[in-house]
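**Student:** Here it is, the structure in full.
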Amino acid sequence: MAWLVVRLAISVSLLYTASAVFEDQVGKFDWRQQFIGKVRFALFDTHSQASKKLLVATDKNVFASLNSRTGDLFWRHVDKTGPEGHIDVLLMYGQDAVVVVGNGRLLRSWETTVGGLKWETVLDTGSFQAATLVGVQDYVKHVAVLKKSAISLHDLSSGSQIWVENLPDSDTVQYQTIYSGGNGLVFVLGVVPNSHIVIVEYKIEDGEIMNKKSVEAAWMSSLENSCTVISSGILLCADQITQSLYTLPLQSAEQKEMRQIHLQTLDLEVASGFQPVLTSTRPNPAQPPLSEFFLQLSPDHHILLQLKDGLIAPLRDFNPSYLAAFATSGERTVAAVMSPKNDTACSINLFSADTGRRHLDTTIIYHMDPNGGKPNRLYVHAFLKKDDSVGYRVMVQTEDHTLTFLQQPGRVVWMREEALADVVTMEMVDLPFTGTQAELEGEFGKKADGLLPMVLKRLSSQFILLQAWLAHLWKLFYDARKPRSSVKNEVTIDILSRDEFNLQKMMVMVTASGKLFGIDSKSGTILWKQYLENIQPNSVFKLIVQRTTAHFPHPPQCTLLIKDKDTGLGSLYVFNPIFGKKSQISVPALPRPVLQTLLLPVIDQDYAKVLLLIDDQYKVTAFPSTKNVLQQLQDTASSIFFYLVDSSQGKLSGFRLRKDLSTELIWEVVIPAEVQKIVAVKGKRANEHVHSQGRVMGDRSVLYKYLNPNLLAVITESTDTHQERSFVGIFLIDGVTGRIVHEAVQRKARGPVHFVHSENWVVYVYWNSKFRRNEFSVLELFEGAELYNSTVFSSLDRPHPPQVLQQSYIFPAPISTLEATLTEKGITSRHLLVGLPSGNILSLPKMFLDPRRPEVVSEQSREENLIPYAPEMPIREEWFINYNQTVSRVRGIYTAPSGLESTCLVVAYGLDIYQTRVFPSKQFDVLKDDYDYVLISSVLFGLFFATMISKRLAEVKLLNRAWR
Amino acid sequence: MATIRVLSLILSVLSTTTLLWTQSGECNNGRRSGDAVETDFSGFSVPLEHSFELDDVPRFRLRGALQFRGGRENGVHLSQNQLSEKDRNTLKDVAAVDGLYRIRVPRVSLQVDRQTERQSEGYLTAFVRACSLVESHLSDVITLHTDVSGYVIGISIVTIPGSCRGIEVEDEVDLEVFNTTISVVAPVNAPAPETAPYIERMEQEMEKKGKNPQEQKSFFAKYWMYIVPLVLFLMMSGAQDQSGGGAGGGAANGGGR
């Protein structure tokens, strides 16, 4: 019977927490955007005229097919992260796309229409150099892969290896390129730097070496960067130092050295310090390349040249020109060249490759985004029009990883912001009030200046409100007359305003490439973007909201701290998060590496919170640093503490601010780095509210929570990685006094550790190296049955250590990231949001992670609604908040409160971005969507009339009785 | 079944209970006997220094000596000097300007077999407001925290009571002798998921089920004599409704909305 009760209790509790999305709610308040990353290879499917496919391979190890008409994904394959899934090369022939993955580890062939894998072969070890399609008699049957010391030939239809041969002298010769002209031979080209070139000829049928020769080339250091093959197998190289081009027929036996052609003879000159780039084209992989090629002499100078009868002749000089690319449609090859038009626009023109003649009416105007990066790649899709002329579309890739697809005369067909595939950090900012709301707010914000002006001001603002209301009514009426489809729901930055429940916010996202985005959280529309140039690739970012939208008429203000990881030097970028505009405020220079930042609750006269930056000499810079701020800092200096972490020495140290804004060391904790290494330190979120100070127990007494806002959770991992001796350490340290509040070790545990620190609890996930499973552990801190000082918390005056309860559970899945829900007032119960590698986001009730879950059920624990302890944490499909909208490679989850207490806004980011709302305690403050207004009002009216009638009847009856 | 038993036995040995903080006195460091090697050891001492200056620039002086008794029980004893007249006055002055009272110990290892490399570079420091020390009449609690291998990683000092109310301490005698509670705290072992008791409990449930099947009858089996007539009754009335008032029912449904 007891067991039945237990089960009943569990099922009731589950009933309470079960929350899933109904079918008709799909997409109502959530959206997902899928990304691919920075494009490294892009190929248009030229197999048929009507094909819309665009194949791309990216630096995020994603291989995908895009719809070239809309920019949407047809399909996408996300490979392993890191070098294991790195896509080395992408080749395409007909319906097949051949990909080499993981530095020559795998050779794969994909069917391009549906994205199915046709075959996969594991290649021999060795670092990848090059790969090419090998054709015989106008038909491609093989693919050749060149490794550092071997070459292998594979069948294109099955992937089976036909032959593999070791390369001669591979320890001295660097083999770098491979070429096949469709005549039954494969040429492997290697170089001994600053000495000579080696050319080895293989027979396709059996891999027999037909010929091997070496040619003097003392000026050459690398084949890959300076050479290409043109025409019928002629190696063409460019050298900056000798200012020359060199040619060498690969097959001829007579020519023993490369023929030098001085660029001077062509009236050309390479810009100093610029490595000239040669671009050739090969319309059909079974045939030799064309004899026309581009030579880039400087970053903005290209020239189209032709090799004819051993002579190089310029066809057309493009000066200035940023980018140039070839494209082929049918039998005709064209060259597209992008040249600057004016400061903000470029023009792209089409030229016929064999003559260099400009095609008429082929200009595409490309408007450069003033907030974006410069274009750095051009991909051209050429097609034959009905009148047999060549038409084309281009895809422009810019430094900020944006893809723009254009068609004539400059219409942007679609645009993809691939920088969003690598979001580093984000914040959600409240939207501003509308003009009228702000007007009202402003009235209260101003100082009173006499009775009459105040009355007039009130009247005017009331009038404005009336006007706005009438305009709104008119708009409603006007829209109602129009057919539904024509009413556009476009979001623009001008009409953005806070909604009734503050559910719509501005997502400010910072990406690794240094591009900032402002995204509307309701629709996912990008409202502004800003590319910060000269960002080092290994920078770390910290985004700080200094002033929210609450202080009209002061605009909201965000500050981004950009810090170089190696040097530690930082810079500040201050902007308005709603419009993305850079703020005019002067920013302090940071000449020394920044160690720590601190956002103080102290505000200046413009309502901006003060940001303290601590450099490596423990000097403090305040931003903003007005007189007012400095005065306030002096007044409150003795209560401003901060901590620094030096994980290489395991040192945590605390500092206090002095009146003269210098600092003094006040505490030091050293965790020996030889034994364990600090991997993470986390405080609590500043905007977190805890509604209840304690928990009511079964016997009606209260267990008070230990709510220390200065508590830091420090996680360490042992340096010994042996599975029996490895451990994970958890230290709870007071950030003001340096007091170690709790210290625990999880034995036989290993990282990566993910953890959440909130309220009075810490939840962490680790890998149990003994049982080989993931485990959750929860720590809760309580003051006990009595509060030491119930009015205010001070770290300096809390002598009794808290009681610590801990419990662990098995979690039957790996974990990518962990975050907790956050609501406005903290009344709603908390859920943990667990990002799984499968792309799902699990909303796990905190109720299951409660160290007070009893082993044996008692009357009291039932009273408290505690779930009996079970070692395994359940995973229920209905807890997946993103149903089938999986987030690939989820890296972070951001939670923000909304104006509704029941609702928490969630953004999960990784390769994709997913935004939704969660209701941890269901929507207790919102009427349901299908709430029956008609029924409730008819019942109300019915009752009202019933009372009226019965009252009347009663009166009549009373009167009658009185007469009797 | 036998394998489960063995497994659960192992698990119950391995699973350790969460050691809560001991509030005062000497504390077991929670290390299992296998970790430390028993040797002849007569203890060693480490200086405990303090500093309280009006200009708030730390100048540490000796306060006492921490004596560690070796062996498995990592006991600690603090022998300290009385505060001199001058010190007492300084302390009171520092308390008056809300200065800090700081203490520090050198970084040491309490592990017995590491005597040679016991001392490391640097100190561990902590502080308390001087006024709270004065107002508590020098009654403080000092805790030394060690890591798993017995290195002291942190020191903390609190006074009881910890508040500063601005009470004047008249009696000079109150500020002469420290009333110190000192302890060494080692990390507790965090609990692993407790599978063994759970399995045991499940087994008990199973056994119970097996023993008296009478009690474990399902809900339906127990109350079928009430349910069946009820269901029959409902079915009868439902059938009547359908045959008699189909039209009326439809209207009622329509009217509901």
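Here, A, B, ... name the chains of the structure tokens in the order displayed, residue numbers run from 1 inside each chain, and ligands are numbered from 1 in the same displayed order.
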May I have the residues of chain A within 7 Å of chain B, counting only C-alpha atoms, written as a PDB file with C-alpha atoms, in the first residue's frame?
**Tutor:**
```pdb
ATOM      1  CA  ILE A 666      42.431  41.515   2.044  1.00  0.00           C
ATOM      2  CA  TRP A 667      42.250  37.790   1.642  1.00  0.00           C
ATOM      3  CA  GLU A 668      43.958  35.004  -0.194  1.00  0.00           C
ATOM      4  CA  VAL A 669      43.048  31.391  -0.800  1.00  0.00           C
ATOM      5  CA  VAL A 670      45.479  29.183  -2.673  1.00  0.00           C
ATOM      6  CA  ILE A 671      44.334  25.863  -4.046  1.00  0.00           C
ATOM      7  CA  THR A 737      35.621  37.708   3.191  1.00  0.00           C
ATOM      8  CA  GLY A 738      37.286  34.847   1.372  1.00  0.00           C
ATOM      9  CA  ARG A 739      35.777  32.430   3.786  1.00  0.00           C
ATOM     10  CA  GLU A 743      34.338  22.372   0.483  1.00  0.00           C
ATOM     11  CA  ALA A 744      33.533  19.023  -1.082  1.00  0.00           C
ATOM     12  CA  VAL A 745      35.164  16.547  -3.393  1.00  0.00           C
ATOM     13  CA  GLN A 746      33.372  14.303  -5.800  1.00  0.00           C
ATOM     14  CA  ASP A 797      28.503  39.520   9.940  1.00  0.00           C
ATOM     15  CA  ARG A 798      27.337  35.973   9.425  1.00  0.00           C
ATOM     16  CA  PRO A 799      29.491  33.916  11.774  1.00  0.00           C
ATOM     17  CA  VAL A 804      24.827  22.003   3.512  1.00  0.00           C
ATOM     18  CA  GLN A 806      23.776  17.345  -0.996  1.00  0.00           C
ATOM     19  CA  GLN A 807      22.384  14.596  -3.155  1.00  0.00           C
ATOM     20  CA  SER A 808      23.445  13.069  -6.447  1.00  0.00           C
ATOM     21  CA  TYR A 809      21.586  11.470  -9.295  1.00  0.00           C
ATOM     22  CA  ILE A 810      22.382   9.573 -12.437  1.00  0.00           C
ATOM     23  CA  ALA A 870      15.346   7.680  -6.971  1.00  0.00           C
ATOM     24  CA  PRO A 871      18.942   7.491  -8.129  1.00  0.00           C
ATOM     25  CA  VAL A 934     -18.725  33.588 -24.698  1.00  0.00           C
ATOM     26  CA  LEU A 935     -19.672  30.963 -22.153  1.00  0.00           C
TER      27      LEU A 935
END
```
**Student:** Name the closest residue to Asp422 (chain A) among the candidates A:Arg830, A:His691, A:Arg891, A:Arg917; distances are taken between atoms, counting only C-alpha atoms.
**Tutor:**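 The closest residue to Asp422 (chain A) is A:Arg891.
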**Student:** Hey, what's within 10 Å of Asn179 (chain B) if we count only C-alpha atoms and toss same-chain stuff fewer than 3 positions away? As a PyMOL selection string, please?
**Tutor:** chain B and resi 80+136-141+159+174-176+182
**Student:** Could you please write out, as a PyMOL selection string, every residue of region 585-777 of chain A that DSSP assigns to helix (DSSP H, G or I)?
**Tutor:** chain A and resi 627-639
**Student:** Can you write just those residues out, N, CA and C atoms, as a PDB file, in the first residue's frame?
**Tutor:**
```
ATOM      1  N   LYS A 627      32.711  63.331 -12.161  1.00  0.00           N
ATOM      2  CA  LYS A 627      33.011  63.769 -10.809  1.00  0.00           C
ATOM      3  C   LYS A 627      32.027  63.144  -9.816  1.00  0.00           C
ATOM      4  N   ASN A 628      30.774  63.163 -10.236  1.00  0.00           N
ATOM      5  CA  ASN A 628      29.705  62.608  -9.427  1.00  0.00           C
ATOM      6  C   ASN A 628      29.992  61.144  -9.071  1.00  0.00           C
ATOM      7  N   VAL A 629      30.412  60.396 -10.068  1.00  0.00           N
ATOM      8  CA  VAL A 629      30.685  58.973  -9.858  1.00  0.00           C
ATOM      9  C   VAL A 629      31.853  58.794  -8.896  1.00  0.00           C
ATOM     10  N   LEU A 630      32.902  59.575  -9.129  1.00  0.00           N
ATOM     11  CA  LEU A 630      34.081  59.428  -8.277  1.00  0.00           C
ATOM     12  C   LEU A 630      33.745  59.761  -6.835  1.00  0.00           C
ATOM     13  N   GLN A 631      32.882  60.766  -6.673  1.00  0.00           N
ATOM     14  CA  GLN A 631      32.465  61.131  -5.329  1.00  0.00           C
ATOM     15  C   GLN A 631      31.723  59.969  -4.670  1.00  0.00           C
ATOM     16  N   GLN A 632      30.781  59.387  -5.438  1.00  0.00           N
ATOM     17  CA  GLN A 632      30.018  58.260  -4.902  1.00  0.00           C
ATOM     18  C   GLN A 632      30.922  57.080  -4.588  1.00  0.00           C
ATOM     19  N   LEU A 633      31.905  56.863  -5.461  1.00  0.00           N
ATOM     20  CA  LEU A 633      32.814  55.742  -5.245  1.00  0.00           C
ATOM     21  C   LEU A 633      33.605  55.955  -3.961  1.00  0.00           C
ATOM     22  N   GLN A 634      34.016  57.192  -3.740  1.00  0.00           N
ATOM     23  CA  GLN A 634      34.768  57.481  -2.513  1.00  0.00           C
ATOM     24  C   GLN A 634      33.927  57.210  -1.278  1.00  0.00           C
ATOM     25  N   ASP A 635      32.634  57.587  -1.396  1.00  0.00           N
ATOM     26  CA  ASP A 635      31.764  57.406  -0.245  1.00  0.00           C
ATOM     27  C   ASP A 635      31.525  55.930   0.065  1.00  0.00           C
ATOM     28  N   THR A 636      31.409  55.128  -0.999  1.00  0.00           N
ATOM     29  CA  THR A 636      31.054  53.732  -0.772  1.00  0.00           C
ATOM     30  C   THR A 636      32.263  52.805  -0.886  1.00  0.00           C
ATOM     31  N   ALA A 637      33.458  53.378  -1.001  1.00  0.00           N
ATOM     32  CA  ALA A 637      34.640  52.555  -1.293  1.00  0.00           C
ATOM     33  C   ALA A 637      34.825  51.406  -0.312  1.00  0.00           C
ATOM     34  N   SER A 638      34.564  51.669   0.973  1.00  0.00           N
ATOM     35  CA  SER A 638      34.872  50.625   1.947  1.00  0.00           C
ATOM     36  C   SER A 638      33.940  49.425   1.818  1.00  0.00           C
ATOM     37  N   SER A 639      32.853  49.570   1.065  1.00  0.00           N
ATOM     38  CA  SER A 639      31.972  48.411   0.909  1.00  0.00           C
ATOM     39  C   SER A 639      32.052  47.834  -0.494  1.00  0.00           C
TER      40      SER A 639
END
```
**Student:** Considering only strand (DSSP E or B) as DSSP defines it on the backbone, what residues of region 40-142 of chain B qualify? List them as a PyMOL selection string.
**Tutor:** chain B and resi 44-51+61-69+75-80+100-106+109+123-129+139-142
**Student:** Please indicate the distance in Å from CA of Arg592 (chain A) to CA of Ser648 (chain A), rounded to one decimal place.
**Tutor:**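 Result for CA of Arg592 (chain A) versus CA of Ser648 (chain A): 19.6 Å, one decimal.
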**Student:** For Gly910 (chain A), which residue out of A:Pro591, A:Pro851, A:Gly37, A:Pro283 is the nearest one, using only C-alpha atoms?
**Tutor:** A:Gly37
